[in-house]
Amino acid sequence: MRDVLDLGELRAEVTRKAIKHVHLSVLPPAGKVRVAAPQAMPLDTIRLFVVSKLSWIRAQQRKLRSQERETPRVFLNKESHYLWGKRYLLELSHADAAPTVSLSPRKLFLQVRPGADAARCEAVLDSWYRQQLRDALPALLAKWEPLLGVKARRVFVQRMKTKWGSCTPDSGYIRLNTDLAKKPPECLEYIVVHELIHLLEPTHNERFVALLDLNLPHWQHWRRRLNSLPVRHEDWDY
């Protein structure tokens, strides 16, 4: 069962979980507010926490509402698709064989079985993007884990609606958004460093920012660049 905090012009949905700290999320596309809280935390305590974050919440909502979104992909020839920040024009073909994706300097070739619909084309391309990201990660981890003195226990690549990445310091698990394969390589590097630093500092406090400044001096530029690029079109279910 979920509680709802009514703060006048703002409503926040509260879910209880087996966690130690409160987690606040502002979700696209319209800025819905969701709070994950420890099971025993009083609702009044959660309310005070949310009230203390109102300025941040409103800033996040403004950013989400102004961010450009991709148009839905329909998988027609000459449709634009991206890899590592570079634009390719789709060339779709059909064959009674396993699906394939390949590139030329200007085109992305997608071969699917006869009768494959847009959802199937998207699934094939998503799988390919996921592999592109997995292939790029070993070199980045080999570079940054020794520099930071940390070791990610596991790194997952998955489709994520609300974040570019996440880290669970207690488990050492890092999760990365598949769509990072569409963005410039420096954006992926920024997110990898960001999440690895969370293994040293779980919160976005002054120490976290200082570690980013020390190890990746231009991180704010790449954060702005990443957040200025169009994000995936989604059919939201709430």
# chains A, B, ... in the order shown; residues from 1 in each chain; ligands from 1
$ closest_atom_pairs --of "stretch 16-112 of chain A" --to "stretch 123-131 of chain A" --cutoff "12 Å" --atoms "only C-alpha atoms" --output "Markdown table"
| residue | atom | partner | partner_atom | distance |
| --- | --- | --- | --- | --- |
| A:Arg73 | CA | A:Leu125 | CA | 11.0 |
| A:Phe75 | CA | A:Leu125 | CA | 10.3 |
| A:His81 | CA | A:Leu125 | CA | 9.9 |
| A:Tyr82 | CA | A:Tyr129 | CA | 9.8 |
| A:Leu83 | CA | A:Tyr129 | CA | 8.0 |
| A:Trp84 | CA | A:Tyr129 | CA | 10.0 |
| A:Leu90 | CA | A:Leu125 | CA | 11.0 |
| A:Leu92 | CA | A:Leu125 | CA | 11.5 |
| A:Ala98 | CA | A:Val124 | CA | 10.1 |
| A:Pro99 | CA | A:Val124 | CA | 7.0 |
| A:Thr100 | CA | A:Val124 | CA | 7.9 |
| A:Val101 | CA | A:Trp128 | CA | 7.0 |
| A:Ser102 | CA | A:Trp128 | CA | 9.4 |
| A:Leu103 | CA | A:Trp128 | CA | 11.6 |
| A:Leu108 | CA | A:Leu125 | CA | 10.1 |
| A:Phe109 | CA | A:Leu125 | CA | 10.2 |
| A:Leu110 | CA | A:Leu125 | CA | 7.8 |
| A:Gln111 | CA | A:Val124 | CA | 9.2 |
| A:Val112 | CA | A:Val124 | CA | 8.1 |
$ residues_around --residues "A:Ala30" --least-positions-apart "6" --cutoff "9 Å" --atoms "only C-alpha atoms" --output "PDB file with N, CA and C atoms, in the first residue's frame"
ATOM      1  N   GLN A  61      11.736  19.243 -11.840  1.00  0.00           N
ATOM      2  CA  GLN A  61      10.524  19.231 -12.659  1.00  0.00           C
ATOM      3  C   GLN A  61      10.653  20.164 -13.857  1.00  0.00           C
ATOM      4  N   ARG A  62      11.214  21.351 -13.630  1.00  0.00           N
ATOM      5  CA  ARG A  62      11.406  22.285 -14.746  1.00  0.00           C
ATOM      6  C   ARG A  62      12.332  21.684 -15.798  1.00  0.00           C
ATOM      7  N   LEU A  64      12.903  18.460 -16.445  1.00  0.00           N
ATOM      8  CA  LEU A  64      12.257  17.363 -17.156  1.00  0.00           C
ATOM      9  C   LEU A  64      11.259  17.880 -18.185  1.00  0.00           C
ATOM     10  N   ARG A  65      10.491  18.892 -17.808  1.00  0.00           N
ATOM     11  CA  ARG A  65       9.452  19.388 -18.711  1.00  0.00           C
ATOM     12  C   ARG A  65      10.022  20.111 -19.919  1.00  0.00           C
TER      13      ARG A  65
END
$ atom_distance --atom1 "atom CA of A:Val22" --atom2 "atom CA of A:Asp3"
14.3 Å
$ residues_around --residues "stretch 43-60 of chain A" --least-positions-apart "3" --cutoff "7 Å" --atoms "only C-alpha atoms" --output "list in words"
Leu5, Val26, Lys63 and Leu64 of chain A
$ select_by_dssp --residues "stretch 33-200 of chain A" --states "alpha helix (DSSP H)" --output "count of residues only"
67
$ atom_distance --atom1 "atom CA of A:Pro146" --atom2 "atom CA of A:His204"
21.7 Å
$ residues_around --residues "stretch 104-106 of chain A" --least-positions-apart "3" --cutoff "9 Å" --atoms "only C-alpha atoms" --output "PyMOL selection string"
chain A and resi 86-89+109
$ closest_atom_pairs --of "stretch 57-148 of chain A" --to "stretch 207-218 of chain A" --cutoff "10 Å" --atoms "only C-alpha atoms" --output "tab-separated table"
residue	atom	partner	partner_atom	distance
A:Trp144	CA	A:Asn215	CA	9.2
A:Leu147	CA	A:Asn215	CA	8.4
A:Leu148	CA	A:Asn215	CA	8.1
$ write_last_selection --atoms "N, CA and C atoms" --output "PDB file, in the first residue's frame"
ATOM      1  N   TRP A 144      39.678   3.482 -14.681  1.00  0.00           N
ATOM      2  CA  TRP A 144      39.212   4.272 -13.547  1.00  0.00           C
ATOM      3  C   TRP A 144      39.200   3.540 -12.210  1.00  0.00           C
ATOM      4  N   LEU A 147      42.579   4.075 -10.589  1.00  0.00           N
ATOM      5  CA  LEU A 147      42.783   5.484 -10.256  1.00  0.00           C
ATOM      6  C   LEU A 147      41.988   5.897  -9.026  1.00  0.00           C
ATOM      7  N   LEU A 148      40.786   5.354  -8.893  1.00  0.00           N
ATOM      8  CA  LEU A 148      39.926   5.698  -7.763  1.00  0.00           C
ATOM      9  C   LEU A 148      40.118   4.777  -6.562  1.00  0.00           C
TER      10      LEU A 148
END
